[in-house]
Amino acid sequence: MDWLKNLSVMEHIFFWLGIVSTLFLIIQIIMLCVSGFGGDIDIDGDGDIDVDTDSGISLFTIKGITAFFAVGSWTGLLTCAVTGDKLQWLAVFVAVIAGAVAMVGVAFAMRAVSKLQCNGVFEIEKIVGQQATVYVSVPPSRSGRGKITLNAQGRFLELDAVTDCDSRLAVDETVEIVSTENECTVVRRLALEAPSDKKEEN
């Protein structure tokens, strides 16, 4: 283990960050294979930081950020080994670029998995009227796409979603599917039922 003791401070940071993030990534892959759950969550809790493109690509997810640190850390460590301590800024730059590429790659991969789940005999129009759970927050007034999950037609589904609601639909919120458009669902917040006033009869 002499080589580990000879690492610089920057190399130690890359090494241990790479170890932790890689283990975390392996755990996520195992969970994905075992459970068949392709879902993810956005980082913001109430949905203010997640980045959704027009194609429904969600970048800042747990899987994406884990891939960013895993690939970026090992790339940075390798760059440090090649360039030496004098070019640590270059190692950081290369690590960030490599991590960003990995994060985008994961986003597109999860998008492809989502599309595969909609193939076959699944009829998306038959889920209209069903309830679903938000797991990537849905921006208001169709300003972007989020994602929902539900069980329908004998399978677990992960679908893109937009809403006409004026406020963002938060993660874990239960919504109703009102229509489908181009393999994307249109959802709305469930109306809160007003408690009925019952008069006691004497």
# chains A, B, ... in the order shown; residues from 1 in each chain; ligands from 1
>>> residues_around(residues="Val9 of chain A", least_positions_apart="5", cutoff="12 Å", atoms="only C-alpha atoms", output="list in words")
Leu4, Phe14, Phe15, Trp16, Leu77, Cys80, Gly84, Asp85 and Gln88 of chain A
>>> atom_distance(atom1="atom CA of Thr75 of chain A", atom2="atom CA of Leu87 of chain A")
14.0 Å
>>> residues_around(residues="Cys165 of chain A", least_positions_apart="5", cutoff="7 Å", atoms="only C-alpha atoms", output="PDB file with N, CA and C atoms, in the first residue's frame")
ATOM      1  N   PRO A 140     -44.814  23.708 -13.686  1.00  0.00           N
ATOM      2  CA  PRO A 140     -46.174  24.211 -13.927  1.00  0.00           C
ATOM      3  C   PRO A 140     -46.389  24.667 -15.365  1.00  0.00           C
ATOM      4  N   SER A 141     -47.654  24.701 -15.753  1.00  0.00           N
ATOM      5  CA  SER A 141     -48.093  25.296 -17.029  1.00  0.00           C
ATOM      6  C   SER A 141     -47.324  24.761 -18.229  1.00  0.00           C
ATOM      7  N   ARG A 188     -52.861  16.136 -13.419  1.00  0.00           N
ATOM      8  CA  ARG A 188     -53.331  17.260 -12.600  1.00  0.00           C
ATOM      9  C   ARG A 188     -53.309  16.835 -11.139  1.00  0.00           C
TER      10      ARG A 188
END
>>> residues_around(residues="Glu181 of chain A", least_positions_apart="6", cutoff="10 Å", atoms="only C-alpha atoms", output="CSV table (one decimal) with C-alpha atoms, in the first residue's frame")
chain,number,residue,atom,x,y,z
A,124,ILE,CA,-51.0,4.3,-23.1
A,125,GLU,CA,-54.5,5.7,-23.7
A,161,ALA,CA,-45.6,14.0,-17.6
A,162,VAL,CA,-46.7,17.6,-18.0
>>> select_by_dssp(residues="segment 106-185 of chain A", states="helix (DSSP H, G or I)", output="NGL selection string")
:A and (106-116 or 124-127 or 140-142)
>>> write_last_selection(atoms="N, CA and C atoms", output="PDB file, in the first residue's frame")
ATOM      1  N   VAL A 106     -26.073   8.887 -18.726  1.00  0.00           N
ATOM      2  CA  VAL A 106     -27.038   8.202 -17.867  1.00  0.00           C
ATOM      3  C   VAL A 106     -28.450   8.722 -18.112  1.00  0.00           C
ATOM      4  N   ALA A 107     -28.580  10.030 -18.290  1.00  0.00           N
ATOM      5  CA  ALA A 107     -29.904  10.620 -18.536  1.00  0.00           C
ATOM      6  C   ALA A 107     -30.527  10.055 -19.810  1.00  0.00           C
ATOM      7  N   PHE A 108     -29.731   9.946 -20.875  1.00  0.00           N
ATOM      8  CA  PHE A 108     -30.246   9.398 -22.129  1.00  0.00           C
ATOM      9  C   PHE A 108     -30.540   7.909 -21.996  1.00  0.00           C
ATOM     10  N   ALA A 109     -29.717   7.199 -21.216  1.00  0.00           N
ATOM     11  CA  ALA A 109     -29.947   5.771 -21.003  1.00  0.00           C
ATOM     12  C   ALA A 109     -31.266   5.536 -20.271  1.00  0.00           C
ATOM     13  N   MET A 110     -31.526   6.338 -19.225  1.00  0.00           N
ATOM     14  CA  MET A 110     -32.776   6.196 -18.492  1.00  0.00           C
ATOM     15  C   MET A 110     -33.971   6.591 -19.354  1.00  0.00           C
ATOM     16  N   ARG A 111     -33.764   7.549 -20.251  1.00  0.00           N
ATOM     17  CA  ARG A 111     -34.819   7.931 -21.190  1.00  0.00           C
ATOM     18  C   ARG A 111     -35.144   6.761 -22.115  1.00  0.00           C
ATOM     19  N   ALA A 112     -34.105   6.048 -22.578  1.00  0.00           N
ATOM     20  CA  ALA A 112     -34.315   4.898 -23.451  1.00  0.00           C
ATOM     21  C   ALA A 112     -35.049   3.783 -22.716  1.00  0.00           C
ATOM     22  N   VAL A 113     -34.683   3.564 -21.454  1.00  0.00           N
ATOM     23  CA  VAL A 113     -35.362   2.546 -20.647  1.00  0.00           C
ATOM     24  C   VAL A 113     -36.837   2.901 -20.484  1.00  0.00           C
ATOM     25  N   SER A 114     -37.103   4.187 -20.257  1.00  0.00           N
ATOM     26  CA  SER A 114     -38.484   4.638 -20.105  1.00  0.00           C
ATOM     27  C   SER A 114     -39.294   4.366 -21.366  1.00  0.00           C
ATOM     28  N   LYS A 115     -38.689   4.587 -22.528  1.00  0.00           N
ATOM     29  CA  LYS A 115     -39.396   4.342 -23.791  1.00  0.00           C
ATOM     30  C   LYS A 115     -39.646   2.859 -23.997  1.00  0.00           C
ATOM     31  N   LEU A 116     -38.671   2.014 -23.608  1.00  0.00           N
ATOM     32  CA  LEU A 116     -38.840   0.577 -23.763  1.00  0.00           C
ATOM     33  C   LEU A 116     -40.015   0.070 -22.933  1.00  0.00           C
ATOM     34  N   ILE A 124     -51.141   3.177 -23.974  1.00  0.00           N
ATOM     35  CA  ILE A 124     -51.011   4.309 -23.071  1.00  0.00           C
ATOM     36  C   ILE A 124     -52.333   5.035 -22.860  1.00  0.00           C
ATOM     37  N   GLU A 125     -53.211   5.002 -23.861  1.00  0.00           N
ATOM     38  CA  GLU A 125     -54.468   5.731 -23.715  1.00  0.00           C
ATOM     39  C   GLU A 125     -55.376   5.117 -22.643  1.00  0.00           C
ATOM     40  N   LYS A 126     -55.126   3.875 -22.272  1.00  0.00           N
ATOM     41  CA  LYS A 126     -55.974   3.213 -21.281  1.00  0.00           C
ATOM     42  C   LYS A 126     -55.650   3.607 -19.843  1.00  0.00           C
ATOM     43  N   ILE A 127     -54.583   4.373 -19.649  1.00  0.00           N
ATOM     44  CA  ILE A 127     -54.249   4.778 -18.278  1.00  0.00           C
ATOM     45  C   ILE A 127     -54.894   6.109 -17.913  1.00  0.00           C
ATOM     46  N   PRO A 140     -44.814  23.708 -13.686  1.00  0.00           N
ATOM     47  CA  PRO A 140     -46.174  24.211 -13.927  1.00  0.00           C
ATOM     48  C   PRO A 140     -46.389  24.667 -15.365  1.00  0.00           C
ATOM     49  N   SER A 141     -47.654  24.701 -15.753  1.00  0.00           N
ATOM     50  CA  SER A 141     -48.093  25.296 -17.029  1.00  0.00           C
ATOM     51  C   SER A 141     -47.324  24.761 -18.229  1.00  0.00           C
ATOM     52  N   ARG A 142     -47.004  23.500 -18.226  1.00  0.00           N
ATOM     53  CA  ARG A 142     -46.306  22.835 -19.342  1.00  0.00           C
ATOM     54  C   ARG A 142     -44.983  23.506 -19.698  1.00  0.00           C
TER      55      ARG A 142
END
>>> closest_residue(among="A:Ile27, A:Ile177, A:Gly105, A:Val186", to="Pro139 of chain A", atoms="only C-alpha atoms")
A:Val186
>>> atom_distance(atom1="atom CA of Tyr135 of chain A", atom2="atom CA of Ala67 of chain A")
19.4 Å
>>> select_by_dssp(residues="segment 53-171 of chain A", states="strand (DSSP E)", output="PyMOL selection string")
chain A and resi 131-136+146-152+155-163
>>> closest_residue(among="A:Ala100, A:Thr22, A:Glu158, A:Gln130", to="Leu190 of chain A", atoms="only C-alpha atoms")
A:Gln130
>>> atom_distance(atom1="atom CA of Ala98 of chain A", atom2="atom CA of Gly72 of chain A")
5.3 Å
>>> residues_around(residues="Arg189 of chain A", least_positions_apart="5", cutoff="9 Å", atoms="only C-alpha atoms", output="NGL selection string")
:A and (163 or 165 or 169 or 173-176)
